[in-house]
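Since the structure comes first, as structure tokens, the remarks are kept for the end.
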Amino acid sequence: MNLNLDKQDENILPEDETCILFHHVYYLGCASVVDPRDEIEAQRTIEILRAQDSQVGSGSGVHKEQSIPGGGDGSSTKHIEIKLSVPNKADGCVRLLEPGRSNVVITSFRLYSILFCCRGTNNQVERDCFAFTESHQPSGIFQCHVFRCQVTEAVKKVLYHFELAFRTIPTQTEAHSKLNAISLANTSNNSKKGIHSDSRPTVDSPSDSLTPSCGNDMNDDNCFVFSVSLEIKEDDGKGGFATVPWDKTSSCFKFRRNLEKMVVVNVTQLSNVELTIERCFGLLMTPGRNVKDSDMHLLDMVRTPSSTPGDEPNSAISGGTHQIIASWDPKNSNFKLLNTETSKGTRVFLSVAVDIVIQEIEEPVRFLIETKARVFPQQEKFWYFGRKILQENFYIYLNEKEALGVNKVMYQVQSIESDSSRRKTEKQENEASNQIKLYSTSCPQDEEDDDDTDEPLLSGSGEVSKECSEKSLSSWGDTLVKWRIDLTKRPSGLKSLVRRGIPEALRCEVWQLLSGCFDNEDMLDRYRVLITMASPQEHVIQRDIHRTFPAHDYFKSSGSIGQDSLYRISKAYSVYDQEVGYCQGLSFLAAALLLHMPEEQAFCVLVKIMYDYKMRDLFKNGFEDLHLKFFQLERAMDEMMPNLSEHFKELGVECHMFSSQWFLTLFTAKFPLNMVFQVIDIFLHEGELMIFCVALSLLEWCRHELLALDFEGVLKYFRVQLPKKYRSNDHTNNLIHSSMSCKISHKKLKRYEKDYMQVRDRLSLGEDRATRSDRENKKLMEGNMRLEAENDDLANELNTVKMSLSTQLEKTMDHVGTLQSELQVAVSDLRTNREKVAELKEDNQRLVEETQQVKEMYRRESTRQEEELQGKTKLVGDYKTIVSQLSTRIETLQVKHEQELKSMKIEAASRCSLNMEPAVMVAEMETRQTEENVKLQKQVRDLELELAQTKLKLVQSECHIQEVEHQLVSTQRDLDATKNTWFQKTLGSITARNKSNAKGDVTAPPSSGVGMAPPSGGIASVFRSSDSVSIKSSSSFA
């Protein structure tokens, strides 16, 4: 495919167009491509056309015909010497001009139609070539145009200006007004490089990351621009490292605690002659900013910097990227502050420095980047964030120097600037005429930072030790004895005693002696009159009383003795000093005095402090004297702590934002009591100089922490962390000792006061209203921008909180619905249980009544059973007596019968001997004997039967009594244990048993029954078992 040389209506380059001209550039040809953004296809086209150009010879300036393989139509093309015109804006045209000074346009391409640029492969023959792909609008195809430069180094320059043109979007004003162009470089330098510039003026437009003056720096031969990017990665828990989030709103990194991190720094040269970066001398980091070189800490290098000029097209344009990677151990004590979780709304500063060794520069070059970070818990999840890396441009101004034995140009560093330092310098220049801040005439208050969850230390907090050594008490005792003798003269050695601390038990007397109001009866009488007078500020005093020392028990309760005394002192002073009246902060000093002495003496000491120590001057004339104190403190910080002073100026932190209550209340409003009392000790002895000493010592002790904090963090540190730090007696003693050696004097304060007056007079005379308005407007705009950023943070947090609250509300409503259902079920169960309880109460009452009835029945039944038992026992006794009598009678009859029998036998024998009818007599005797025996046997059987029946009934009665007693005991036990309806069952069982027993009694044989004699053996056994009486059976009578 041949080069399309479409002539435009304008064949001459416009005179008013700003552009960059490159000479000795050769057009090799073009070819159609399928993918316009495919680098491999573009490199193949460059390789083919460059090889064809090498075959026929290059650089002759003679038009040569060459065929392009793959050109589509097999046509030929020409490599032509041209001048290349690259525009400075994205709305310009890339033009190919005829060589020489005619500036005739051969062809042109709109910059927006160029889709891709690249250079030839490095370290190959194609390294002096470059190409761009453009969309050919009429045909709708993509063409890749290839060019070759006579000087290889010119390729980087060409592509660099292509990049600038792509990045620079013209404003509306620039689109309608043409700028005067300036040359890219002077003719002498370009002749060395082989790139000759025209007399046409050109200008470079800055990229979006450069400052407005960057374009001029690009064209400065002595300025070398480097782009340095900072990227921080942390362990992702999967064996790799993920880029930490970058918060665009607050412009800070978001770290997580206790995770190993990697610091990645990329260094890229953007302009001027390419310098050779030999190696990285070291990568350093520290918390804070404006730090000293000795405060930086070296990180462990992971790998050395590597140059990758040909990896990507952009790398080729910018001249190569050199990457430095180092590991960061968060557990290192040097980075403890960067591994400590920051509270809400607080950020810490972070400084990262990389030292680069450049072959053309003798000493290493340091690039320092300062940024901010927030530290979150280790398990924190970030859902919405940008992974933008931090990038900043550095401008190195070099001077050429002669180097013996070196065949190259060597440079010496003149200065190094960054975008941040330029902005700071510009800001300082704008504020150069405003060396003193004219504060508001209203009472200044410390800035409050509500965007946190940490609670500040309440006034009146802290434990005050009452211990004192015997040696100290002895020394104070001797001193007070001498002092009481002459109250007008302070004893020798008092200064050292006061600096070591006044014992708590002696402060009442010593404070009165130091202030010069010991035994001042006139002032005491005056106080008693003042408390009876009315004050126009009583409502203000009453409002502030509740805010004074709320952490102390003496002032905590409303209407307490402490609050009443504090109210009377404040009101009395407002009446006594009507010029000043009552001012906010006065109550804190009065409360500190009340903790050591009665209110009359406290009022006298307060008056002395306000008048003799000139504390009341701070409240007069619109706080003019207080503004002077702020100026003096700022000047002292400039001389003694310049890095902290510079840090505060960059953040916009002013002395009145944190030190107003230090001067107005003698540190009593925010600090713990153990520190407050020691400060008052030395203040009463040495005066107002002590306030500056303590203030400067406070700043010096917390200097490193403050250097690592941003605006909100600094204010919060003064409000929360700093007072809590001095709850420890060790920290307080170190502070007091440090303040005693502070290098501040009355002479310096006088000099600062003189400077303040001069600057104030100069500003009041030389500054017109417009300048003052502009300055104030600028200050307000800066404050407004800061507040808008804070507002954005708060808005994001508000949205997050709203979403979380909405989710919680939905869960709560669901839970409420569940609880309501459960409540309804519980209420229904309760009602059912109440009904059951009522029924159980009725059952219980009925059971109680039944129990009473059972008990009464048992009592009656027991009585009856006892009576029956007694009767039966008596009957049994009678039966036993009868049986015994019958047994005796039977034995007697038996004996008598035997005797008669014997006598009869003898008589019969005698009769037989006499032969007097023996047979008849024997028969009569036997008959009579038999009849008598039958009668006797019958009587015995009747008696035995009656006795057996009686004993049987006795046994049955005893068994029945035992069973009834057992049932009664069981029934009583069940009744006491359960109180249930089983009593009715028991009662029924007892009743049934009684009925069965009654039936048994009816069916039993009568005591006088006849004809039911059991076997004699059984009856005899009954008698043997019950009465142990031996009765022979009827067979023994035979």
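By order in the structure tokens, chains are A, B, ...; within a chain, residues start at 1; ligands start at 1, following the order shown.
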Range 101-132 of chain A: which residues are strand (DSSP E or B) by DSSP, as a ChimeraX atom specification?
-> /A:104-110,114-119,129-132
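Reported to one decimal place, the separation of CA of Leu473 in chain A from CA of Glu504 in chain A is 10.8 Å.
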Enumerate, as a PyMOL selection string, the complete set of residues in range 487-717 of chain A that a backbone-based DSSP assignment places in helix (DSSP H, G or I).
-> chain A and resi 494-500+504-515+521-530+538-545+553-556+561-576+586-594+599-612+616-619+624-640+642-651+656-665+673-686+689-701+703-707+711-717
Contacts between range 21-37 of chain A and range 89-169 of chain A, please, where a residue of range 89-169 of chain A counts if it comes within 6 Å (with only C-alpha atoms); show its shortest atom pair and distance in Å to one decimal, rows by chain and ascending number, as JSON lines.
{"residue": "A:Phe116", "atom": "CA", "partner": "A:Arg37", "partner_atom": "CA", "distance": 5.7}
{"residue": "A:Thr133", "atom": "CA", "partner": "A:Pro36", "partner_atom": "CA", "distance": 5.9}
{"residue": "A:Phe142", "atom": "CA", "partner": "A:Ser32", "partner_atom": "CA", "distance": 5.7}
{"residue": "A:Gln143", "atom": "CA", "partner": "A:Ser32", "partner_atom": "CA", "distance": 4.4}
{"residue": "A:Cys144", "atom": "CA", "partner": "A:Cys30", "partner_atom": "CA", "distance": 5.2}
{"residue": "A:His145", "atom": "CA", "partner": "A:Cys30", "partner_atom": "CA", "distance": 4.3}
{"residue": "A:Val146", "atom": "CA", "partner": "A:Leu28", "partner_atom": "CA", "distance": 5.5}
{"residue": "A:Phe147", "atom": "CA", "partner": "A:Tyr27", "partner_atom": "CA", "distance": 4.5}
{"residue": "A:Arg148", "atom": "CA", "partner": "A:Tyr26", "partner_atom": "CA", "distance": 5.0}
{"residue": "A:Cys149", "atom": "CA", "partner": "A:Val25", "partner_atom": "CA", "distance": 4.7}
{"residue": "A:Gln150", "atom": "CA", "partner": "A:His24", "partner_atom": "CA", "distance": 5.8}
Spatial neighbours of Lys649 in chain A, 12 Å, only C-alpha atoms, chain gap at least 3 places, as a ChimeraX atom specification = /A:290,424-425,427-428,431,435,437,634,637-638,642-646,652-655,707,710-711
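As for CA of Phe394 in chain A and CA of His322 in chain A, they are spaced 14.8 Å apart.
Comparing the minimum interatomic distances between His79 in chain A and each of A:Lys778, A:His704, A:Arg834, A:Arg50, counting only C-alpha atoms, we find that A:Arg50 sits nearest.
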Quote the spacing between CA of Phe677 in chain A and CA of Leu480 in chain A in Å to one decimal place.
-> 19.3 Å
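Compared by their closest atoms to Ala551 in chain A, and using only C-alpha atoms, the residues A:Glu650, A:Glu426, A:Glu463, A:Glu163 rank with A:Glu463 nearest.
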Neighbour list for range 372-381 of chain A as number ranges by chain, cut-off 9 Å, only C-alpha atoms, skip fewer than 4 positions in-chain | A: 246, 250-259, 288, 338-343, 345-351, 708-710
Keeping only C-alpha atoms, take the residues you just selected and write them out as a tab-separated table (two decimals), in the first residue's frame.
chain	number	residue	atom	x	y	z
A	246	TRP	CA	-5.78	4.36	48.45
A	250	SER	CA	-8.70	11.64	52.46
A	251	SER	CA	-5.62	11.11	50.21
A	252	CYS	CA	-4.09	8.41	52.39
A	253	PHE	CA	-3.17	4.73	52.33
A	254	LYS	CA	-5.20	2.19	54.30
A	255	PHE	CA	-3.02	-0.28	56.19
A	256	ARG	CA	-3.92	-3.31	58.29
A	257	ARG	CA	-2.05	-4.11	61.47
A	258	ASN	CA	0.49	-6.90	61.88
A	259	LEU	CA	0.64	-7.76	58.17
A	288	GLY	CA	6.19	11.48	60.36
A	338	LEU	CA	2.57	2.77	61.69
A	339	ASN	CA	1.42	-0.53	63.20
A	340	THR	CA	-0.83	1.05	65.84
A	341	GLU	CA	-4.52	1.25	65.02
A	342	THR	CA	-5.58	4.85	64.42
A	343	SER	CA	-8.81	6.10	65.88
A	345	GLY	CA	-10.78	10.53	61.87
A	346	THR	CA	-7.04	10.31	62.68
A	347	ARG	CA	-4.21	9.79	60.19
A	348	VAL	CA	-0.46	9.39	60.54
A	349	PHE	CA	2.22	10.78	58.26
A	350	LEU	CA	4.66	8.54	56.46
A	351	SER	CA	7.97	9.48	54.79
A	708	ALA	CA	3.50	11.74	62.33
A	709	LEU	CA	-0.05	13.16	62.60
A	710	ASP	CA	-2.22	15.18	60.24
With a distance cut-off of 10 Å and only C-alpha atoms, select the neighbouring residues of Val125 in chain A, excluding the residue or stretch itself and same-chain residues fewer than 6 positions from it, and output the selection as a PDB file with C-alpha atoms, in the first residue's frame.
ATOM      1  CA  GLU A  47      10.952  -5.015  11.146  1.00  0.00           C
ATOM      2  CA  ARG A  50      13.394  -1.417   8.270  1.00  0.00           C
ATOM      3  CA  ALA A  51      14.894  -4.500   6.597  1.00  0.00           C
ATOM      4  CA  SER A  54      18.634  -1.448   4.910  1.00  0.00           C
TER       5      SER A  54
END
